[in-house]
file start.txt (compact mmCIF, C-alpha atoms)
# COMPACT_ATOMS: atom_id res chain seq x y z
CA MET A 1 25.96 -15.31 -17.31
CA GLN A 2 22.94 -13.15 -16.48
CA GLU A 3 20.86 -14.97 -19.10
CA TRP A 4 21.78 -18.30 -17.55
CA GLY A 5 20.82 -16.99 -14.10
CA VAL A 6 17.39 -15.98 -15.37
CA LYS A 7 16.95 -19.37 -17.05
CA ALA A 8 18.06 -21.25 -13.93
CA SER A 9 15.60 -19.25 -11.82
CA ARG A 10 12.81 -20.05 -14.29
CA LEU A 11 13.64 -23.77 -14.25
CA LEU A 12 13.56 -23.74 -10.47
CA SER A 13 10.22 -21.89 -10.47
CA LEU A 14 8.87 -24.44 -12.94
CA LEU A 15 9.99 -27.27 -10.69
CA MET A 16 8.38 -25.63 -7.65
CA LEU A 17 5.13 -25.12 -9.56
CA LEU A 18 4.97 -28.78 -10.50
CA GLN A 19 5.80 -29.81 -6.96
CA SER A 20 3.19 -27.54 -5.36
CA ARG A 21 0.33 -27.84 -7.88
CA GLY A 22 0.69 -31.36 -9.18
CA ARG A 23 -0.41 -31.83 -12.79
CA CYS A 24 -0.31 -28.65 -14.90
CA THR A 25 -0.86 -28.04 -18.60
CA ALA A 26 1.66 -26.20 -20.75
CA PRO A 27 -0.66 -23.16 -21.10
CA GLU A 28 -1.09 -22.99 -17.32
CA LEU A 29 2.66 -23.13 -16.75
CA ALA A 30 3.31 -20.57 -19.48
CA ALA A 31 0.79 -18.16 -17.96
CA ALA A 32 2.21 -18.59 -14.46
CA LEU A 33 5.81 -17.96 -15.57
CA GLU A 34 4.92 -15.38 -18.25
CA VAL A 35 6.73 -17.18 -21.07
CA SER A 36 5.66 -18.98 -24.24
CA GLN A 37 4.45 -22.59 -24.31
CA ARG A 38 7.43 -23.43 -26.51
CA THR A 39 9.75 -22.19 -23.75
CA ILE A 40 7.88 -24.37 -21.23
CA LEU A 41 8.36 -27.45 -23.42
CA ARG A 42 12.09 -26.75 -23.75
CA ASP A 43 12.36 -26.25 -19.98
CA ILE A 44 10.53 -29.52 -19.33
CA ASP A 45 13.05 -31.30 -21.57
CA GLN A 46 15.94 -29.73 -19.65
CA LEU A 47 14.48 -30.75 -16.28
CA SER A 48 14.00 -34.29 -17.53
CA GLY A 49 17.54 -34.35 -18.93
CA ALA A 50 18.86 -33.23 -15.53
CA GLY A 51 17.28 -36.27 -13.87
CA VAL A 52 14.05 -34.71 -12.59
CA PRO A 53 11.32 -37.37 -12.96
CA VAL A 54 8.81 -35.21 -14.84
CA TRP A 55 6.49 -36.79 -17.39
CA GLY A 56 3.69 -35.61 -19.62
CA GLU A 57 0.34 -37.05 -20.55
CA PRO A 58 -1.35 -35.98 -23.80
CA GLY A 59 -5.01 -35.28 -24.26
CA ARG A 60 -7.61 -32.88 -23.01
CA HIS A 61 -7.10 -33.82 -19.37
CA GLY A 62 -3.35 -34.32 -19.66
CA GLY A 63 -0.43 -32.19 -18.58
CA PHE A 64 2.94 -32.41 -16.87
CA GLN A 65 3.61 -33.73 -13.40
CA LEU A 66 6.35 -35.12 -11.22
CA ARG A 67 6.59 -38.80 -10.38
CA ALA A 68 4.34 -39.68 -7.44
CA GLY A 69 6.16 -39.37 -4.13
CA TRP A 70 9.12 -37.46 -5.57
CA SER A 71 10.01 -33.99 -4.23
CA THR A 72 13.03 -31.79 -3.74
CA SER A 73 13.98 -29.87 -0.62
CA LEU A 74 15.68 -27.22 -2.76
CA THR A 75 14.07 -23.81 -2.46
CA GLY A 76 16.62 -21.53 -4.08
CA VAL A 77 15.17 -18.33 -2.62
CA THR A 78 17.03 -15.39 -4.17
CA GLU A 79 17.76 -12.00 -2.59
CA PRO A 80 14.91 -10.19 -4.41
CA GLU A 81 12.58 -13.03 -3.44
CA SER A 82 13.60 -12.72 0.21
CA ARG A 83 12.65 -9.03 0.04
CA ALA A 84 9.34 -9.99 -1.53
CA LEU A 85 8.65 -12.71 1.04
CA LEU A 86 6.50 -10.57 3.34
CA LEU A 87 4.87 -8.89 0.32
CA ALA A 88 3.72 -12.14 -1.27
CA GLY A 89 0.18 -11.51 -0.02
CA LEU A 90 0.19 -7.84 -1.08
CA PRO A 91 0.53 -8.00 -4.88
CA THR A 92 -0.19 -4.31 -5.40
CA ALA A 93 2.62 -3.16 -3.12
CA ALA A 94 5.01 -5.82 -4.43
CA THR A 95 4.37 -4.80 -8.04
CA ALA A 96 4.82 -1.09 -7.24
CA LEU A 97 8.18 -1.87 -5.63
CA GLY A 98 9.30 -3.88 -8.66
CA LEU A 99 8.96 -7.15 -6.75
CA GLY A 100 5.86 -8.57 -8.42
CA ALA A 101 7.66 -11.41 -10.19
CA PRO A 102 9.87 -12.31 -7.17
CA ALA A 103 6.79 -12.29 -4.91
CA ALA A 104 5.01 -14.75 -7.21
CA SER A 105 8.14 -16.89 -7.48
CA VAL A 106 8.77 -17.07 -3.75
CA ARG A 107 5.11 -17.89 -3.19
CA HIS A 108 5.47 -20.93 -5.46
CA LYS A 109 8.58 -22.00 -3.53
CA LEU A 110 6.90 -21.59 -0.18
CA LEU A 111 3.93 -23.65 -1.34
CA ALA A 112 6.31 -26.34 -2.58
CA ALA A 113 7.92 -26.50 0.86
CA LEU A 114 4.60 -27.09 2.62
CA PRO A 115 3.29 -30.57 3.39
CA PRO A 116 0.77 -31.68 0.72
CA GLU A 117 -2.18 -31.43 3.09
CA TRP A 118 -1.38 -27.75 3.80
CA ARG A 119 -0.97 -26.59 0.20
CA MET A 120 -4.64 -26.34 -0.70
CA PRO A 121 -5.59 -24.18 2.33
CA ALA A 122 -2.58 -21.93 1.65
CA GLU A 123 -3.52 -21.53 -2.03
CA GLN A 124 -7.11 -20.72 -1.03
CA VAL A 125 -6.03 -17.65 0.96
CA ALA A 126 -5.80 -15.49 -2.18
CA GLN A 127 -9.33 -16.57 -3.13
CA ARG A 128 -10.73 -15.64 0.28
CA LEU A 129 -8.75 -12.56 1.31
CA HIS A 130 -7.88 -9.57 -0.86
CA VAL A 131 -6.21 -6.39 0.40
CA ASP A 132 -7.05 -3.20 -1.52
CA PRO A 133 -4.81 -0.39 -0.20
CA HIS A 134 -6.63 2.43 -2.03
CA ASP A 135 -9.37 4.55 -0.51
CA TRP A 136 -12.73 5.04 -2.23
CA TYR A 137 -12.90 7.58 -5.06
CA ARG A 138 -9.13 8.10 -5.05
CA SER A 139 -6.71 7.16 -7.77
CA PRO A 140 -3.53 5.38 -6.63
CA ASP A 141 -0.39 7.41 -6.05
CA THR A 142 2.30 6.40 -8.57
CA PRO A 143 5.52 8.22 -7.60
CA ALA A 144 8.23 8.19 -10.27
CA PHE A 145 11.03 7.41 -7.82
CA LEU A 146 9.45 4.66 -5.72
CA GLN A 147 11.76 1.87 -6.83
CA PRO A 148 15.03 3.90 -6.50
CA VAL A 149 13.99 4.97 -3.00
CA ALA A 150 13.12 1.36 -2.16
CA GLU A 151 16.60 0.28 -3.30
CA ALA A 152 18.11 2.96 -1.06
CA VAL A 153 16.05 1.64 1.87
CA TRP A 154 17.12 -1.97 1.26
CA ASN A 155 20.82 -1.04 0.88
CA SER A 156 21.04 1.90 3.35
CA HIS A 157 22.22 4.38 0.70
CA ALA A 158 21.79 8.11 1.19
CA LEU A 159 20.02 10.16 -1.47
CA THR A 160 20.28 13.70 -2.76
CA VAL A 161 16.74 14.75 -3.61
CA THR A 162 14.96 17.82 -4.87
CA TYR A 163 11.81 17.94 -2.76
CA SER A 164 8.79 20.11 -3.50
CA ALA A 165 7.05 21.21 -0.29
CA TRP A 166 4.36 23.85 0.15
CA ARG A 167 7.08 26.47 0.72
CA GLY A 168 8.77 25.58 -2.55
CA ALA A 169 11.39 23.13 -3.87
CA SER A 170 14.71 22.57 -2.12
CA ASP A 171 17.67 20.19 -2.30
CA ARG A 172 18.51 17.99 0.65
CA VAL A 173 20.47 14.86 1.54
CA ILE A 174 18.40 12.20 3.27
CA GLU A 175 19.05 8.73 4.65
CA PRO A 176 15.89 6.68 3.98
CA LEU A 177 15.02 4.36 6.86
CA GLY A 178 11.73 2.89 5.65
CA LEU A 179 8.74 3.06 3.35
CA VAL A 180 5.09 3.46 4.30
CA THR A 181 2.03 3.16 2.08
CA LYS A 182 -1.15 4.72 3.45
CA ALA A 183 -4.45 4.80 1.54
CA GLY A 184 -2.63 4.44 -1.78
CA THR A 185 0.02 7.10 -1.06
CA TRP A 186 3.71 6.23 -0.61
CA TYR A 187 5.93 7.93 1.97
CA ALA A 188 9.61 7.64 2.86
CA VAL A 189 10.70 7.96 6.48
CA ALA A 190 14.20 9.42 6.35
CA ARG A 191 16.84 11.06 8.52
CA THR A 192 18.47 14.29 7.43
CA ARG A 193 22.16 13.55 6.89
CA GLY A 194 24.34 14.75 9.78
CA THR A 195 21.43 15.08 12.22
CA ASP A 196 19.09 12.93 14.28
CA ASN A 197 16.08 14.60 12.64
CA VAL A 198 13.73 11.96 11.19
CA ARG A 199 10.97 13.25 8.90
CA THR A 200 8.30 11.95 6.54
CA TYR A 201 8.50 12.64 2.79
CA ARG A 202 5.76 12.05 0.27
CA LEU A 203 7.43 10.27 -2.64
CA ALA A 204 5.24 11.96 -5.26
CA SER A 205 6.80 15.30 -4.19
CA ILE A 206 10.34 14.21 -5.10
CA ARG A 207 11.31 15.97 -8.33
CA SER A 208 14.80 14.52 -8.82
CA LEU A 209 16.97 11.95 -7.11
CA ARG A 210 20.59 10.81 -7.05
CA ALA A 211 21.95 7.91 -5.01
CA LEU A 212 25.15 8.53 -3.05
CA PRO A 213 27.87 5.86 -2.76
CA GLY A 214 28.46 3.86 0.37
CA PRO A 215 26.00 2.76 3.05
CA PHE A 216 25.00 4.89 6.03
CA ARG A 217 24.63 3.59 9.56
CA ARG A 218 21.02 3.19 10.61
CA PRO A 219 20.05 4.53 14.06
CA ARG A 220 20.01 1.81 16.67
CA ASN A 221 16.60 0.55 17.80
CA PHE A 222 14.72 2.57 15.18
CA ASP A 223 11.14 1.23 15.04
CA LEU A 224 9.38 2.20 11.81
CA ALA A 225 5.89 1.22 13.01
CA ALA A 226 6.27 3.13 16.30
CA TYR A 227 7.60 6.19 14.49
CA TRP A 228 4.72 6.18 12.01
CA LEU A 229 2.07 5.84 14.71
CA ALA A 230 3.47 8.79 16.67
CA ALA A 231 3.95 10.88 13.51
CA ARG A 232 0.41 10.16 12.32
CA GLU A 233 -1.14 11.15 15.65
CA ARG A 234 0.97 14.32 15.77
CA PHE A 235 0.06 15.23 12.18
CA GLU A 236 -3.66 14.68 12.70
CA ALA A 237 -3.62 16.81 15.86
CA GLN A 238 -1.83 19.64 14.04
CA LEU A 239 -3.94 19.30 10.90
CA ARG A 240 -7.26 19.91 12.66
CA PRO A 241 -6.65 22.06 15.73
CA LEU A 242 -10.21 23.49 15.89
CA GLU A 243 -13.56 21.93 16.69
CA ALA A 244 -16.94 22.68 15.18
CA ARG A 245 -20.02 22.30 17.34
CA VAL A 246 -22.66 20.78 15.09
CA ALA A 247 -26.14 19.31 15.45
CA LEU A 248 -26.84 16.47 13.04
CA SER A 249 -30.13 14.95 11.99
CA PRO A 250 -30.54 11.15 12.18
CA ARG A 251 -29.71 11.04 8.48
CA GLY A 252 -26.67 13.26 9.07
CA MET A 253 -25.48 10.93 11.83
CA ARG A 254 -25.62 8.00 9.41
CA TRP A 255 -23.52 10.03 6.95
CA LEU A 256 -21.01 10.81 9.68
CA GLU A 257 -20.70 7.17 10.71
CA ASN A 258 -20.19 6.15 7.08
CA THR A 259 -17.31 8.63 6.65
CA ARG A 260 -15.41 7.02 9.56
CA ALA A 261 -14.29 10.54 10.54
CA ALA A 262 -13.27 11.33 14.12
CA TRP A 263 -15.95 12.94 16.27
CA ARG A 264 -17.22 13.04 19.85
CA ALA A 265 -20.41 13.97 21.61
CA ASP A 266 -20.83 17.64 22.60
CA PRO A 267 -21.69 17.68 26.31
CA ARG A 268 -22.04 21.46 26.67
CA SER A 269 -25.19 23.53 26.43
CA CYS A 270 -25.46 26.18 23.76
CA ARG A 271 -27.75 29.10 23.00
CA VAL A 272 -28.48 27.48 19.62
CA PRO A 273 -31.06 24.75 20.41
CA VAL A 274 -30.79 21.22 19.06
CA PRO A 275 -33.86 20.13 17.06
CA ALA A 276 -35.76 17.17 18.47
CA GLY A 277 -34.15 13.87 17.50
CA TRP A 278 -30.87 15.54 16.44
CA THR A 279 -27.46 14.82 18.00
CA ALA A 280 -24.93 17.44 19.14
CA VAL A 281 -21.35 16.50 18.17
CA LEU A 282 -17.87 18.02 18.04
CA LEU A 283 -16.08 17.70 14.68
CA PRO A 284 -12.36 18.52 14.23
CA ILE A 285 -11.68 21.08 11.47
CA GLU A 286 -8.50 22.57 9.99
CA SER A 287 -9.71 26.18 9.87
CA ILE A 288 -12.85 28.30 9.67
CA GLU A 289 -12.58 28.30 5.87
CA GLN A 290 -12.13 24.53 5.62
CA GLY A 291 -14.87 23.91 8.17
CA THR A 292 -17.29 26.10 6.23
CA ARG A 293 -16.52 24.33 2.96
CA HIS A 294 -16.89 20.93 4.58
CA LEU A 295 -20.10 21.59 6.49
CA LEU A 296 -21.86 23.20 3.54
CA GLY A 297 -21.80 19.76 1.99
CA TRP A 298 -24.09 18.46 4.74
CA GLY A 299 -26.89 20.73 3.54
CA THR A 300 -30.03 20.69 5.66
CA GLN A 301 -28.85 17.71 7.70
CA ALA A 302 -26.43 19.79 9.81
CA LEU A 303 -26.81 22.89 11.96
CA VAL A 304 -23.62 24.68 13.03
CA ARG A 305 -23.90 25.80 16.67
CA GLY A 306 -20.37 27.18 17.14
CA PRO A 307 -17.86 28.61 17.32
CA ALA A 308 -19.21 32.04 16.47
CA PRO A 309 -16.73 32.76 13.62
CA LEU A 310 -17.79 29.53 11.94
CA ARG A 311 -21.49 30.41 12.24
CA ARG A 312 -20.80 33.84 10.69
CA ALA A 313 -18.84 32.25 7.85
CA MET A 314 -21.68 29.80 7.21
CA ARG A 315 -24.26 32.62 7.11
CA GLU A 316 -22.14 34.63 4.69
CA ALA A 317 -21.56 31.61 2.43
CA LEU A 318 -25.27 30.75 2.41
CA ALA A 319 -26.22 34.35 1.60
CA GLN A 320 -23.81 34.39 -1.35
CA MET A 321 -25.18 31.07 -2.57
CA GLN A 322 -28.75 32.32 -2.32
CA ALA A 323 -27.88 35.49 -4.22
CA GLY A 324 -26.42 33.39 -7.02
CA TYR A 325 -29.75 31.57 -7.47
CA VAL A 326 -32.02 34.63 -7.69
CA ASP A 327 -33.73 34.69 -11.09
call {"tool": "encode", "arguments": {"input": "start.txt", "output": "structure tokens"}}
result
Amino acid sequence: MQEWGVKASRLLSLLMLLQSRGRCTAPELAAALEVSQRTILRDIDQLSGAGVPVWGEPGRHGGFQLRAGWSTSLTGVTEPESRALLLAGLPTAATALGLGAPAASVRHKLLAALPPEWRMPAEQVAQRLHVDPHDWYRSPDTPAFLQPVAEAVWNSHALTVTYSAWRGASDRVIEPLGLVTKAGTWYAVARTRGTDNVRTYRLASIRSLRALPGPFRRPRNFDLAAYWLAARERFEAQLRPLEARVALSPRGMRWLENTRAAWRADPRSCRVPVPAGWTAVLLPIESIEQGTRHLLGWGTQALVRGPAPLRRAMREALAQMQAGYVD
């Protein structure tokens, strides 16, 4: 029965491809559906035997196509395809969630449902817009339990997880409410079972997972996007509670603008003068240690003006570096 369901879905996808694209060769159809050309030829025969007016033309410029003017209103969107519907334009996320094939399939069906004059502009979107969710110089996060957590989100199933935080690993029961991908890293937004406490979990930190039977009741009016915005702002404020007072050269200002990091102009005077042409700014830092490590990377294009503990840490670090380069 399952084999027949897969075959029926493939036949429907083949029909939608022919309806949306027009004439297609056997190799093109085989590549689109990830099957052999022999399978495509058998499927074409079955469609024809079922009364679908599909015909083939041999030769270099030949291929298969439906009779002119014929179309079907059947879409046959399946449950996995409905999940993939909003991910059809985000192939990386769809593939990571195990919905790559359904996303491609539902895209074919959506194109088939469009009027002929709209199909070409819709197909051109992928050639003119590409979304890359990964930041520069960072490898993508590939958590082992992404797809099981996604299934728990879709079906509202609670999970028992072993989660490794900075304080160590612990077991907990969570009710996953949503998934978020940010700069190539996947997070689950989940409520602790028996409480109203909603927290954010990095999926790569889950060490083991077990799904619990039966659905849980989602909190009413929970807004994933609103939660994430508030959580992100709260996290960023807690992550960098200090500010460094820094003077940057024109070249340093270009570096700062290219990093897209948060900063603001420093309006206060300071006993450490700003060189001519330099700009005084305030940069958020996590700690004196982190600020020292970060600002050393700016070399001669930055001058730390405060706070005093940061200036002392910079002087000490520079003295140690200089000592290490004495011949």
call {"tool": "residues_around", "arguments": {"input": "start.txt", "residues": "A:Arg210", "least_positions_apart": "3", "cutoff": "8 Å", "atoms": "all atoms listed in the file", "output": "VMD selection string"}}
result
chain A and resid 159 to 161
call {"tool": "closest_atom_pairs", "arguments": {"input": "start.txt", "of": "stretch 212-240 of chain A", "to": "stretch 275-288 of chain A", "cutoff": "10 Å", "atoms": "all atoms listed in the file", "output": "CSV"}}
result
residue,atom,partner,partner_atom,distance
A:Glu236,CA,A:Pro284,CA,9.6
A:Ala237,CA,A:Pro284,CA,9.1
A:Gln238,CA,A:Glu286,CA,8.3
A:Leu239,CA,A:Glu286,CA,5.7
A:Arg240,CA,A:Glu286,CA,4.0
call {"tool": "closest_residue", "arguments": {"input": "start.txt", "among": "A:Asp135, A:Ser170, A:Met253, A:Thr162", "to": "A:Lys182", "atoms": "only C-alpha atoms"}}
result
A:Asp135
call {"tool": "closest_residue", "arguments": {"input": "start.txt", "among": "A:Ala158, A:Val149, A:Ala211, A:Ala225", "to": "A:Gly194", "atoms": "only C-alpha atoms"}}
result
A:Ala158
call {"tool": "residues_around", "arguments": {"input": "start.txt", "residues": "A:Arg191", "least_positions_apart": "5", "cutoff": "10 Å", "atoms": "all atoms listed in the file", "output": "number ranges by chain"}}
result
A: 158, 173-177, 196-200, 218-219
call {"tool": "atom_distance", "arguments": {"input": "start.txt", "atom1": "atom CA of A:His294", "atom2": "atom CA of A:Arg264"}}
result
17.2 Å
call {"tool": "atom_distance", "arguments": {"input": "start.txt", "atom1": "atom CA of A:Phe145", "atom2": "atom CA of A:Arg167"}}
result
21.3 Å
call {"tool": "atom_distance", "arguments": {"input": "start.txt", "atom1": "atom CA of A:Ala231", "atom2": "atom CA of A:Trp255"}}
result
28.3 Å
call {"tool": "residues_around", "arguments": {"input": "start.txt", "residues": "stretch 41-51 of chain A", "least_positions_apart": "6", "cutoff": "10 Å", "atoms": "all atoms listed in the file", "output": "list of chain:residue names"}}
result
A:Lys7, A:Ala8, A:Arg10, A:Leu11, A:Leu12, A:Leu14, A:Leu15, A:Ala26, A:Leu29, A:Ala30, A:Phe64, A:Leu66
call {"tool": "closest_residue", "arguments": {"input": "start.txt", "among": "A:Gly56, A:Gln37, A:Ala261, A:Glu316", "to": "A:Arg23", "atoms": "only C-alpha atoms"}}
result
A:Gly56
call {"tool": "axis_aligned_box", "arguments": {"input": "start.txt", "around": "stretch 166-179 of chain A", "padding_each_side": "3 Å", "output": "JSON"}}
result
{"center_x": 12.4, "center_y": 14.7, "center_z": 1.5, "size_x": 22.1, "size_y": 29.6, "size_z": 16.7}
